[in-house]
Structure formats: structure tokens, C-alpha cells
Amino acid sequence: MERLDGVRVLLGVSGGIAAYKAGIVARLLVGAGASVDTVLTRGAERFVGTATFEGLTGRPVRTEVWEDIATQTHVGLGRSADVALIYPATAHVMAKLAGGLADDLLTTTLLAATCPLVLAPAMHTEMWQHAATRHNAEVLRQRGAHLVGPDDGVLMGGDSGPGRVVDPQVAVDAVVAALEDRAATPDGQVSGSFAGRTAGVDRDLEGTRVLVTAGGTREPIDPVRFLGNRSSGKMGFALAEVAASRGADVVLVAAPSTLPTPAGVQRVDVTTALEMYHAVFAHIDAMDVVVKAAAVADFRPSSTATSKLKKDAGAPSIELVPNPDILAELGARRDGGADRPILVGFAAETDDVEAAGLAKLKRKGADLLVVNDVSANDAGFEVDTNRAILLDRDGGRVEVPLSSKAEVAGVVLDAVVARLRA
Ligand code: CTP
């Protein structure tokens with residue numbers, strides 16, 4: 001049995017260049033067993049044609065609200081859908097949905113739909129970061145829509161940055177997840193539904209602004225080599241994902257990682273510790289919580305060679321200079337007694353794990369510190385599981401047995417919520 005056997009998917013395609021990838025989305029959905037009704041906006045029709053989608057889905061494609069008035073196409077499409085996916089979702093369509101506007105077939109259909117809604121935003125970085133779009137994304141999220149992406153990557157015209165639509169397969173996975181989310185709701189209520197019915201998850205971070213750092217920084221030696229570490233970013237990405245699913249407005253400052261951007265999370269890509277430092281401080285004033293899961297290089301080469309170092313020149317001697325300690329600086333900023341932002345640090349230790357963690361918690365002025373014993377091979381770097389001790393500046397201590405990184409993230413965020421409420 002395929003993952004979407006018998007599922008009716010409403011595929012909305014809006015007018016961005018990424019519309020060309022929506023054909024692949026349609027093919028993947030049909031391949032997974034779904035029956036797909038496609039609605040193109042007028043803008044989408046300028047990028048792609050209805051014939052493509054009719055051919056791929058084997059079903060008529062709708063574009064017009066003024067056709068077949070008597071059959072009430074929008075009501076029929078909206079009611080019959082088990083899930084709706086808008087791929088790509090332009091800034092304009094998101095604004096219309098957030099405002100409840102219904103001036104074309106796609107928006108009237110979505111207003112008549114009560115099924116879960118998945119949005120795959122795609123736009124230029126400036127548009128994605130504009131306060132209006134951030135607001136609309138938040139409104140839609142609060143109403144239960146699932147936002148997947150956008151990714152950081154190459155955009156139309158050769159620009160690069162956050163705003164690139166997620167890969168078709170990632171969008172299809174998000175559709176499956178949205179349906180599972182609904183199925184998991186105990187009372188059978190639709191969770192994550194666009195109509196804004198009761199959410200199935202605890203939204204205890206609603207309205208909380210959380211900055212998470214993730215991954216291992218890279219300090220360049222020459223154009224091809226760097227000093228790095230084993231951090232994969234999995235713990236930080238899990239934290240960002242769980243925080244967003246609990247309603248937080250999340251900025252994820254990510255060192256190089258191939259992990260996909262969690263749904264609804266604003267991702268800022270950085271490479272070096274200094275870039276991470278600047279990205280964190282650019283956002284800090286707006287934050288309620290900072291979670292520093294990144295493994296930040298303590299030192300960097302004092303200079304970076306502009307040409308590749310050649311073996312024949314002999315072993316290079318690399319002079320190292322210290323990087324700023326981001327967490328310690330954040331702690332020092334609050335020395336006047338401020339209790340915001342709440343600071344959560346991580347410590348990767350191999351010896352005297354808990355004692356080293358306690359000393360680090362005090363030294364850095366954090367509120368909470370997650371201590372990992374990275375000498376174990378089922379916890380810490382690269383793996384999907386973790387085992388940790390969560391230490392609190394007021395003497396609290398929680399031992400987290402071997403768990404998925406999402407579960408560890410849940411425990412950490414529970415402690416954050418407790419401090420926010422205190
Ligand atoms: N950290 C940071 N900036 C740095 C180094 C570390 O913000 N330059 C943060 C990490 O993100 C983590 C915490 O500090 O949350 C502890 O990191 P860790 O590498 O364990 O601590 P160090 O201060 O580097 O101590 P040591 O390497 O000596 O154990």
C-alpha cells in the first residue's frame with residue numbers, strides 16, 4: 001500500500017518561478033497513491049500550463065472561479081480534499097490566506113476547506129524577511145497551517161538566500177506528516193487544520209521568540225581546508241523543529257549542514273564562529289530565548305591563505321587566535337540582573353562530565369546547560385539519539401535517558417517554558 005492511497009490532495013500552484021517544480025510534486029503525489037486536484041492561479045498559468053497537470057494527475061485542472069457556477073467548484077473542491085498543499089506559496093497568496101481574501105479559485109476553495117493545509121513558501125529573501133510576510137506566516141501557523149521551508153539557496157536571477165522552495169519530496173513528506181498529525185489527535189478533531197480547529201499539540205511556546213544555533217562552525221585555513229568539528233546539527237535542528245511545532249517564532253542560525261530547514265523556521269546560514277557571532281547579535285534584541293546547541297570553534301587561524309597551500313612548501317604552521325565566546329558574552333550582557341533572554345547552553349564533555357558542566361554553566365552565565373557525554377557512541381555527535389543531564393542555575397537537575405533528539409529537545413523546552421512562567 002502506498003503512503004497516500006485513497007487520499008484526495010488539493011494541489012494549489014501559485015505564481016512563482018518555482019511553479020515549474022509543482023509538476024514533480026504532482027507526479028510524486030500520484031505515485032504515492034493520491035488523487036490530485038490541481039488549481040492554478042493566474043500567475044501560475046504564466047509559468048506553467050494546465051495541460052502539464054492534467055497529464056500528470058489524469059484529472060481536470062481548474063483555474064477559474066467563474067466557470068460552472070452552478071456546480072460551485074470551489075465548495076466541492078474544498079470539501080472533498082483530505083489535505084491541501086500550496087506549492088509554491090507566494091508572498092501574495094500567503095497574505096491573501098492570512099487575511100481571508102477570496103478573489104480567485106484557489107483562495108475561495110481554501111476558504112471553503114477544513115482540511116489540513118501545507119504551505120511551501122517561495123520568494124526572494126527580502127520578501128520572506130519582510131515584516132508583513134513574517135506576520136502572515138505567523139498568522140497562518142497559529143491558525144494551524146503547516147509551513148515547510150523555505151530553504152536557503154539559489155533564487156531566480158542568481159541571487160541566493162532564504163526563500164527557495166523546498167524540494168518536491170520534502171513537500172510530499174510534509175503532506176504525509178500533516179495527515180499523520182490529524183490522525184494522531186485523540187478526539188478525532190482535525191489538528192493543524194487551516195480552519196483553525198483545536199491544535200493537537202501543546203502550543204506552550206506561542207508568541208515566544210526563540211533563537212537556536214546549530215551545527216559545527218568551520219574556520220578556513222585556505223580555499224579548500226578548514227578547522228571543523230563533528231557536530232552534525234541534528235540536536236539544534238530538532239530543537240528548532242520542536243520549538244516551532246509548539247508555537248515559537250524560531251530563527252535557526254545554522255553552521256554548514258545538509259539537514260532540511262524545519263517547517264516554519266527562519267534559517268540563517270553561517271560558516272564561521274565570527275559569522276555566527278554577528279548573526280546571533282543581529283537578532284538578539286528581539287529574542288525571549290537563546291539555545292546555543294552549536295559547536296563553536298574556540299580558535300580560528302589568524303589568517304586565511306588566499307591560494308591553496310601546497311604540500312611541497314612543507315608542513316604549514318598555523319597560528320590560532322581566539323574566537324569570541326558567544327554564550328559567555330550573552331551571559332555577561334545580562335549581568336545587570338536582566339532575566340531575558342533565557343540562555344540555554346550545551347556542553348560536550350568526555351571527563352568528569354557533570355562537574356565540568358556545572359562549572360561551565362556558572363562560567364558562561366547561562367540559565368540551563370545540557371551536558372552530553374560525547375565519549376559514548378549512541379549519544380552526542382552525528383547520531384539520532386542523545387543522553388543528557390540538564391542542569392539549572394538554581395540547582396535543578398534532570399537526567400534524560402537515551403532518547404531521540406526530538407525527545408531531548410522536548411525536555412529542554414519544558415524547562416524553558418517553566419522558566420518563562422516563573
Ligand atoms: N560556545 C559559544 N561560543 C564559543 C564556544 C562555545 O557560544 N566560542 C557555546 C556553545 O554553543 C555551547 C557552550 O558554549 O552552548 C559550551 O560549548 P563548549 O565547546 O562545550 O565550551 P567551551 O567554552 O568551548 O569549553 P571547552 O571547549 O574548554 O570545554
# chains A, B, ... in the order shown; residues from 1 in each chain; ligands from 1
call {"tool": "residues_near_ligand", "arguments": {"ligand": "ligand 1", "cutoff": "9 Å", "atoms": "only C-alpha atoms and all ligand atoms", "output": "PyMOL selection string"}}
result
chain A and resi 213-214+273-274+276-277+291-299+322-330+344-349+356-357+360-361+363-364+366+369-371
call {"tool": "write_last_selection", "arguments": {"atoms": "N, CA, C and O atoms", "output": "compact mmCIF listing (two decimals), in the first residue's frame"}}
result
# COMPACT_ATOMS: atom_id res chain seq x y z
N THR A 213 21.06 28.04 17.78
CA THR A 213 22.23 27.86 16.91
C THR A 213 22.48 26.37 16.78
O THR A 213 22.22 25.61 17.71
N ALA A 214 22.97 25.96 15.61
CA ALA A 214 23.13 24.52 15.36
C ALA A 214 24.35 24.25 14.50
O ALA A 214 24.78 25.11 13.72
N ALA A 273 32.70 30.92 13.21
CA ALA A 273 32.24 31.36 14.53
C ALA A 273 31.94 32.87 14.52
O ALA A 273 30.97 33.32 15.12
N LEU A 274 32.79 33.63 13.81
CA LEU A 274 32.56 35.08 13.77
C LEU A 274 31.24 35.41 13.07
O LEU A 274 30.50 36.29 13.51
N MET A 276 28.67 33.46 12.98
CA MET A 276 27.61 33.06 13.91
C MET A 276 27.43 34.15 14.98
O MET A 276 26.30 34.53 15.31
N TYR A 277 28.54 34.65 15.47
CA TYR A 277 28.50 35.72 16.48
C TYR A 277 27.67 36.90 15.96
O TYR A 277 26.76 37.40 16.62
N VAL A 291 19.03 29.34 22.46
CA VAL A 291 19.52 27.99 22.72
C VAL A 291 20.77 27.77 21.89
O VAL A 291 20.71 27.76 20.66
N LYS A 292 21.92 27.63 22.57
CA LYS A 292 23.19 27.55 21.83
C LYS A 292 23.63 26.09 21.70
O LYS A 292 24.46 25.60 22.44
N ALA A 293 23.00 25.40 20.75
CA ALA A 293 23.35 24.00 20.54
C ALA A 293 24.56 23.84 19.63
O ALA A 293 25.08 22.74 19.46
N ALA A 294 25.01 24.93 19.00
CA ALA A 294 26.11 24.82 18.05
C ALA A 294 27.42 24.48 18.74
O ALA A 294 27.65 24.86 19.89
N ALA A 295 28.26 23.76 18.02
CA ALA A 295 29.64 23.52 18.47
C ALA A 295 30.49 24.59 17.80
O ALA A 295 30.72 24.55 16.59
N VAL A 296 30.86 25.58 18.59
CA VAL A 296 31.55 26.75 18.03
C VAL A 296 33.05 26.57 18.21
O VAL A 296 33.51 26.24 19.30
N ALA A 297 33.80 26.81 17.15
CA ALA A 297 35.26 26.69 17.26
C ALA A 297 35.78 27.75 18.22
O ALA A 297 35.43 28.93 18.11
N ASP A 298 36.60 27.32 19.18
CA ASP A 298 37.15 28.29 20.15
C ASP A 298 38.26 29.14 19.53
O ASP A 298 38.52 30.24 19.99
N PHE A 299 38.89 28.59 18.49
CA PHE A 299 40.01 29.31 17.86
C PHE A 299 39.84 29.28 16.34
O PHE A 299 39.22 28.39 15.79
N PRO A 322 41.91 33.41 19.39
CA PRO A 322 40.63 33.03 19.98
C PRO A 322 39.43 33.64 19.26
O PRO A 322 39.51 34.78 18.77
N ASN A 323 38.35 32.88 19.19
CA ASN A 323 37.06 33.41 18.74
C ASN A 323 36.32 33.96 19.95
O ASN A 323 36.57 33.55 21.08
N PRO A 324 35.38 34.87 19.72
CA PRO A 324 34.57 35.31 20.86
C PRO A 324 33.74 34.13 21.39
O PRO A 324 33.34 33.26 20.61
N ASP A 325 33.51 34.11 22.69
CA ASP A 325 32.63 33.08 23.27
C ASP A 325 31.21 33.68 23.28
O ASP A 325 30.89 34.54 24.10
N ILE A 326 30.40 33.23 22.34
CA ILE A 326 29.09 33.86 22.12
C ILE A 326 28.21 33.72 23.36
O ILE A 326 27.63 34.69 23.86
N LEU A 327 28.14 32.50 23.90
CA LEU A 327 27.28 32.26 25.06
C LEU A 327 27.75 33.08 26.27
O LEU A 327 26.94 33.71 26.96
N ALA A 328 29.06 33.11 26.49
CA ALA A 328 29.58 33.85 27.64
C ALA A 328 29.28 35.34 27.49
O ALA A 328 28.94 36.02 28.45
N GLU A 329 29.37 35.85 26.25
CA GLU A 329 29.05 37.28 26.05
C GLU A 329 27.57 37.55 26.29
O GLU A 329 27.19 38.58 26.83
N LEU A 330 26.72 36.60 25.87
CA LEU A 330 25.28 36.78 26.12
C LEU A 330 25.02 36.77 27.61
O LEU A 330 24.21 37.56 28.12
N VAL A 344 20.24 29.06 27.10
CA VAL A 344 20.46 27.62 27.24
C VAL A 344 21.74 27.27 26.51
O VAL A 344 21.89 27.56 25.33
N GLY A 345 22.69 26.66 27.23
CA GLY A 345 23.94 26.24 26.60
C GLY A 345 24.02 24.73 26.49
O GLY A 345 23.22 24.01 27.11
N PHE A 346 24.95 24.27 25.71
CA PHE A 346 25.24 22.84 25.60
C PHE A 346 26.70 22.63 25.96
O PHE A 346 27.53 23.51 25.72
N ALA A 347 27.01 21.50 26.52
CA ALA A 347 28.41 21.20 26.79
C ALA A 347 28.70 19.78 26.37
O ALA A 347 27.99 18.85 26.77
N ALA A 348 29.67 19.63 25.51
CA ALA A 348 30.11 18.30 25.10
C ALA A 348 31.33 17.98 25.94
O ALA A 348 32.34 18.68 25.85
N GLU A 349 31.22 16.96 26.78
CA GLU A 349 32.32 16.66 27.69
C GLU A 349 32.71 15.18 27.56
O GLU A 349 31.89 14.34 27.16
N ALA A 356 32.18 19.19 35.12
CA ALA A 356 32.62 20.12 34.07
C ALA A 356 31.43 20.96 33.60
O ALA A 356 31.55 22.16 33.34
N GLY A 357 30.25 20.30 33.50
CA GLY A 357 29.04 21.01 33.06
C GLY A 357 28.65 22.10 34.04
O GLY A 357 28.34 23.23 33.64
N LYS A 360 30.85 25.03 33.78
CA LYS A 360 30.59 25.77 32.52
C LYS A 360 29.32 26.60 32.65
O LYS A 360 29.25 27.74 32.18
N LEU A 361 28.30 26.04 33.28
CA LEU A 361 27.03 26.75 33.47
C LEU A 361 27.27 28.07 34.20
O LEU A 361 26.77 29.13 33.80
N ARG A 363 30.30 29.62 34.63
CA ARG A 363 31.26 30.48 33.93
C ARG A 363 30.58 31.28 32.81
O ARG A 363 30.89 32.43 32.58
N LYS A 364 29.62 30.65 32.14
CA LYS A 364 29.02 31.31 30.97
C LYS A 364 27.79 32.13 31.34
O LYS A 364 27.23 32.81 30.49
N ALA A 366 24.78 31.06 31.99
CA ALA A 366 23.56 30.54 31.36
C ALA A 366 22.52 30.19 32.42
O ALA A 366 22.83 30.11 33.61
N LEU A 369 21.91 24.31 31.19
CA LEU A 369 23.00 23.74 30.40
C LEU A 369 22.72 22.25 30.18
O LEU A 369 22.40 21.52 31.12
N VAL A 370 22.81 21.84 28.92
CA VAL A 370 22.58 20.44 28.58
C VAL A 370 23.95 19.79 28.43
O VAL A 370 24.73 20.17 27.54
N VAL A 371 24.24 18.84 29.30
CA VAL A 371 25.57 18.24 29.28
C VAL A 371 25.51 16.88 28.60
O VAL A 371 24.71 16.03 28.98
call {"tool": "select_by_dssp", "arguments": {"residues": "segment 133-336 of chain A", "states": "strand (DSSP E or B)", "output": "tab-separated table (two decimals) with N, CA, C and O atoms, in the first residue's frame"}}
result
chain	number	residue	atom	x	y	z
A	146	HIS	N	0.61	24.22	8.19
A	146	HIS	CA	1.97	23.66	8.31
A	146	HIS	C	2.84	24.36	7.27
A	146	HIS	O	2.57	24.22	6.07
A	147	LEU	N	3.85	25.09	7.70
A	147	LEU	CA	4.75	25.72	6.73
A	147	LEU	C	5.99	24.85	6.58
A	147	LEU	O	6.60	24.47	7.58
A	151	ASP	N	13.82	26.95	1.97
A	151	ASP	CA	15.24	26.64	2.11
A	151	ASP	C	16.07	27.86	1.80
A	151	ASP	O	15.57	28.85	1.25
A	152	ASP	N	17.33	27.74	2.14
A	152	ASP	CA	18.29	28.77	1.78
A	152	ASP	C	19.01	28.26	0.53
A	152	ASP	O	19.53	27.15	0.54
A	153	GLY	N	19.02	29.01	-0.53
A	153	GLY	CA	19.69	28.52	-1.74
A	153	GLY	C	19.58	29.51	-2.87
A	153	GLY	O	19.21	30.67	-2.66
A	154	VAL	N	19.88	29.02	-4.07
A	154	VAL	CA	19.88	29.89	-5.25
A	154	VAL	C	18.44	30.25	-5.61
A	154	VAL	O	17.55	29.41	-5.62
A	160	SER	N	20.94	34.54	-3.94
A	160	SER	CA	20.96	33.38	-3.06
A	160	SER	C	20.56	33.80	-1.65
A	160	SER	O	20.89	34.91	-1.21
A	161	GLY	N	19.84	32.94	-0.94
A	161	GLY	CA	19.42	33.25	0.43
A	161	GLY	C	18.16	32.49	0.77
A	161	GLY	O	17.65	31.71	-0.04
A	162	PRO	N	17.61	32.69	1.98
A	162	PRO	CA	16.36	32.02	2.35
A	162	PRO	C	15.23	32.46	1.44
A	162	PRO	O	15.11	33.65	1.15
A	163	GLY	N	14.43	31.52	0.98
A	163	GLY	CA	13.32	31.85	0.09
A	163	GLY	C	13.11	30.81	-0.99
A	163	GLY	O	12.13	30.85	-1.73
A	164	ARG	N	14.04	29.87	-1.08
A	164	ARG	CA	13.94	28.84	-2.12
A	164	ARG	C	12.93	27.78	-1.69
A	164	ARG	O	12.94	27.33	-0.55
A	193	SER	N	-5.47	22.10	11.17
A	193	SER	CA	-6.35	22.41	10.05
A	193	SER	C	-6.38	23.90	9.80
A	193	SER	O	-6.27	24.70	10.72
A	209	ARG	N	9.75	34.14	21.12
A	209	ARG	CA	10.75	34.22	20.06
A	209	ARG	C	12.01	33.49	20.50
A	209	ARG	O	12.60	33.85	21.53
A	210	VAL	N	12.38	32.49	19.73
A	210	VAL	CA	13.47	31.60	20.14
A	210	VAL	C	14.55	31.60	19.06
A	210	VAL	O	14.26	31.41	17.88
A	211	LEU	N	15.79	31.82	19.47
A	211	LEU	CA	16.91	31.71	18.54
A	211	LEU	C	17.67	30.44	18.89
A	211	LEU	O	18.00	30.22	20.06
A	212	VAL	N	17.91	29.60	17.90
A	212	VAL	CA	18.66	28.35	18.11
A	212	VAL	C	19.90	28.39	17.22
A	212	VAL	O	19.80	28.77	16.05
A	213	THR	N	21.06	28.04	17.78
A	213	THR	CA	22.23	27.86	16.91
A	213	THR	C	22.48	26.37	16.78
A	213	THR	O	22.22	25.61	17.71
A	214	ALA	N	22.97	25.96	15.61
A	214	ALA	CA	23.13	24.52	15.36
A	214	ALA	C	24.35	24.25	14.50
A	214	ALA	O	24.78	25.11	13.72
A	216	GLY	N	28.31	22.62	13.45
A	216	GLY	CA	29.69	22.92	13.81
A	216	GLY	C	30.25	23.99	12.89
A	216	GLY	O	30.12	23.91	11.67
A	219	GLU	N	36.39	26.96	10.32
A	219	GLU	CA	37.33	28.08	10.31
A	219	GLU	C	38.32	27.85	9.17
A	219	GLU	O	39.14	26.93	9.23
A	220	PRO	N	38.23	28.64	8.10
A	220	PRO	CA	39.03	28.35	6.91
A	220	PRO	C	40.54	28.53	7.11
A	220	PRO	O	40.97	29.48	7.76
A	221	ILE	N	41.29	27.59	6.54
A	221	ILE	CA	42.76	27.68	6.53
A	221	ILE	C	43.22	28.23	5.18
A	221	ILE	O	44.02	29.13	5.09
A	222	ASP	N	42.64	27.65	4.13
A	222	ASP	CA	42.88	28.12	2.76
A	222	ASP	C	41.59	27.86	1.99
A	222	ASP	O	40.59	27.46	2.59
A	225	ARG	N	40.52	24.07	2.74
A	225	ARG	CA	40.62	23.37	4.04
A	225	ARG	C	40.09	24.24	5.17
A	225	ARG	O	40.15	25.46	5.09
A	226	PHE	N	39.61	23.55	6.20
A	226	PHE	CA	39.12	24.30	7.36
A	226	PHE	C	39.34	23.49	8.63
A	226	PHE	O	39.56	22.28	8.58
A	227	LEU	N	39.28	24.19	9.76
A	227	LEU	CA	39.25	23.52	11.06
A	227	LEU	C	37.77	23.36	11.42
A	227	LEU	O	37.03	24.33	11.41
A	249	ASP	N	8.27	31.37	17.49
A	249	ASP	CA	8.76	32.01	16.28
A	249	ASP	C	10.26	31.78	16.30
A	249	ASP	O	10.96	32.34	17.13
A	250	VAL	N	10.75	30.91	15.41
A	250	VAL	CA	12.13	30.42	15.57
A	250	VAL	C	13.06	30.94	14.48
A	250	VAL	O	12.75	30.88	13.29
A	251	VAL	N	14.20	31.46	14.92
A	251	VAL	CA	15.30	31.77	14.00
A	251	VAL	C	16.38	30.73	14.26
A	251	VAL	O	16.81	30.54	15.40
A	252	LEU	N	16.79	30.03	13.21
A	252	LEU	CA	17.81	28.99	13.35
A	252	LEU	C	19.09	29.48	12.67
A	252	LEU	O	19.13	29.65	11.45
A	253	VAL	N	20.12	29.74	13.48
A	253	VAL	CA	21.41	30.15	12.91
A	253	VAL	C	22.21	28.87	12.74
A	253	VAL	O	22.61	28.24	13.73
A	254	ALA	N	22.40	28.48	11.48
A	254	ALA	CA	22.94	27.14	11.21
A	254	ALA	C	24.32	27.21	10.59
A	254	ALA	O	24.51	27.85	9.56
A	266	GLN	N	12.76	30.19	10.41
A	266	GLN	CA	13.58	31.11	9.60
A	266	GLN	C	15.04	30.72	9.78
A	266	GLN	O	15.56	30.73	10.89
A	267	ARG	N	15.68	30.35	8.69
A	267	ARG	CA	17.06	29.84	8.78
A	267	ARG	C	18.06	30.88	8.30
A	267	ARG	O	17.88	31.49	7.26
A	268	VAL	N	19.12	31.06	9.07
A	268	VAL	CA	20.21	31.96	8.67
A	268	VAL	C	21.46	31.09	8.60
A	268	VAL	O	21.88	30.53	9.60
A	269	ASP	N	22.02	30.95	7.42
A	269	ASP	CA	23.21	30.11	7.27
A	269	ASP	C	24.48	30.89	7.53
A	269	ASP	O	24.63	32.00	7.03
A	289	VAL	N	14.34	33.77	24.10
A	289	VAL	CA	15.11	32.57	24.47
A	289	VAL	C	16.23	32.37	23.45
A	289	VAL	O	16.02	32.55	22.25
A	290	VAL	N	17.42	32.01	23.93
A	290	VAL	CA	18.51	31.64	23.01
A	290	VAL	C	19.01	30.26	23.42
A	290	VAL	O	19.35	30.04	24.59
A	291	VAL	N	19.03	29.34	22.46
A	291	VAL	CA	19.52	27.99	22.72
A	291	VAL	C	20.77	27.77	21.89
A	291	VAL	O	20.71	27.76	20.66
A	292	LYS	N	21.92	27.63	22.57
A	292	LYS	CA	23.19	27.55	21.83
A	292	LYS	C	23.63	26.09	21.70
A	292	LYS	O	24.46	25.60	22.44
A	295	ALA	N	28.26	23.76	18.02
A	295	ALA	CA	29.64	23.52	18.47
A	295	ALA	C	30.49	24.59	17.80
A	295	ALA	O	30.72	24.55	16.59
A	299	PHE	N	38.89	28.59	18.49
A	299	PHE	CA	40.01	29.31	17.86
A	299	PHE	C	39.84	29.28	16.34
A	299	PHE	O	39.22	28.39	15.79
A	300	ARG	N	40.46	30.26	15.68
A	300	ARG	CA	40.48	30.28	14.21
A	300	ARG	C	41.89	30.63	13.76
A	300	ARG	O	42.63	31.29	14.51
A	301	PRO	N	42.26	30.22	12.54
A	301	PRO	CA	43.57	30.62	12.02
A	301	PRO	C	43.64	32.15	11.98
A	301	PRO	O	42.66	32.82	11.63
A	320	LEU	N	46.85	30.26	15.67
A	320	LEU	CA	45.43	30.35	16.02
A	320	LEU	C	45.19	31.54	16.93
A	320	LEU	O	46.01	31.86	17.79
A	321	VAL	N	44.04	32.18	16.73
A	321	VAL	CA	43.64	33.28	17.63
A	321	VAL	C	42.25	32.93	18.17
A	321	VAL	O	41.49	32.21	17.53
A	322	PRO	N	41.91	33.41	19.39
A	322	PRO	CA	40.63	33.03	19.98
A	322	PRO	C	39.43	33.64	19.26
A	322	PRO	O	39.51	34.78	18.77
call {"tool": "closest_residue", "arguments": {"among": "A:Ala84, A:Leu101, A:Leu11, A:Ala22", "to": "Arg62 of chain A", "atoms": "only C-alpha atoms"}}
result
A:Leu11
call {"tool": "closest_residue", "arguments": {"among": "A:Thr57, A:Asp373, A:Leu110, A:Val39", "to": "Arg79 of chain A", "atoms": "only C-alpha atoms"}}
result
A:Leu110
call {"tool": "atom_distance", "arguments": {"atom1": "atom CA of Val242 of chain A", "atom2": "atom CA of Arg419 of chain A"}}
result
17.5 Å
call {"tool": "residues_around", "arguments": {"residues": "Asp285 of chain A", "least_positions_apart": "3", "cutoff": "10 Å", "atoms": "only C-alpha atoms", "output": "PyMOL selection string"}}
result
chain A and resi 280-282+288+340-341
call {"tool": "residues_around", "arguments": {"residues": "Lys308 of chain A", "least_positions_apart": "3", "cutoff": "7 Å", "atoms": "only C-alpha atoms", "output": "list in words"}}
result
Asp222, Pro223, Val224 and Ala305 of chain A
call {"tool": "closest_residue", "arguments": {"among": "A:Gly247, A:Gly331, A:Gly31, A:Gly233", "to": "Lys405 of chain A", "atoms": "only C-alpha atoms"}}
result
A:Gly233
call {"tool": "select_by_dssp", "arguments": {"residues": "segment 1-220 of chain A", "states": "helix (DSSP H, G or I)", "output": "VMD selection string"}}
result
chain A and resid 17 to 31 42 to 47 50 to 57 69 to 71 73 to 80 91 to 99 105 to 112 125 to 129 131 to 142 156 to 158 168 to 184
call {"tool": "residues_around", "arguments": {"residues": "Ser14 of chain A", "least_positions_apart": "2", "cutoff": "9 Å", "atoms": "only C-alpha atoms", "output": "PyMOL selection string"}}
result
chain A and resi 12+16+18-19+39-45+86-90+92-93+106
call {"tool": "residues_around", "arguments": {"residues": "Asp378 of chain A", "least_positions_apart": "5", "cutoff": "10 Å", "atoms": "only C-alpha atoms", "output": "JSON list (two decimals) with N, CA and C atoms, in the first residue's frame"}}
result
[["chain", "number", "residue", "atom", "x", "y", "z"],
["A", 373, "ASP", "N", 27.69, 13.46, 27.39],
["A", 373, "ASP", "CA", 28.94, 12.69, 27.45],
["A", 373, "ASP", "C", 29.21, 12.21, 26.02],
["A", 383, "VAL", "N", 24.81, 11.06, 15.67],
["A", 383, "VAL", "CA", 23.74, 10.07, 15.79],
["A", 383, "VAL", "C", 22.38, 10.75, 16.06],
["A", 384, "ASP", "N", 21.30, 9.93, 15.92],
["A", 384, "ASP", "CA", 19.95, 10.48, 16.09],
["A", 384, "ASP", "C", 19.49, 10.48, 17.53],
["A", 385, "THR", "N", 20.26, 9.84, 18.40],
["A", 385, "THR", "CA", 19.85, 9.75, 19.81],
["A", 385, "THR", "C", 20.79, 10.56, 20.69],
["A", 386, "ASN", "N", 20.33, 10.82, 21.89],
["A", 386, "ASN", "CA", 21.16, 11.56, 22.82],
["A", 386, "ASN", "C", 20.82, 11.14, 24.25],
["A", 387, "ARG", "N", 21.77, 11.32, 25.12],
["A", 387, "ARG", "CA", 21.57, 11.07, 26.56],
["A", 387, "ARG", "C", 22.17, 12.30, 27.22],
["A", 402, "LEU", "N", 18.67, 7.68, 27.35],
["A", 402, "LEU", "CA", 18.84, 7.63, 25.89],
["A", 402, "LEU", "C", 17.50, 7.85, 25.20],
["A", 403, "SER", "N", 17.41, 8.90, 24.40],
["A", 403, "SER", "CA", 16.14, 9.28, 23.77],
["A", 403, "SER", "C", 16.44, 9.84, 22.38]]
call {"tool": "residues_around", "arguments": {"residues": "Thr350 of chain A", "least_positions_apart": "3", "cutoff": "8 Å", "atoms": "only C-alpha atoms", "output": "PyMOL selection string"}}
result
chain A and resi 353+373-375
call {"tool": "write_last_selection", "arguments": {"atoms": "N, CA and C atoms", "output": "compact mmCIF listing (two decimals), in the first residue's frame"}}
result
# COMPACT_ATOMS: atom_id res chain seq x y z
N VAL A 353 32.05 14.56 33.54
CA VAL A 353 31.04 15.24 32.73
C VAL A 353 30.19 16.25 33.52
N ASP A 373 27.69 13.46 27.39
CA ASP A 373 28.94 12.69 27.45
C ASP A 373 29.21 12.21 26.02
N VAL A 374 30.12 12.87 25.34
CA VAL A 374 30.33 12.54 23.92
C VAL A 374 31.30 11.38 23.73
N SER A 375 31.72 10.75 24.83
CA SER A 375 32.59 9.58 24.65
C SER A 375 31.75 8.34 24.33
call {"tool": "atom_distance", "arguments": {"atom1": "atom CA of Ala406 of chain A", "atom2": "atom CA of Ala238 of chain A"}}
result
5.2 Å
call {"tool": "atom_distance", "arguments": {"atom1": "atom CA of Ser257 of chain A", "atom2": "atom CA of Ala240 of chain A"}}
result
13.9 Å
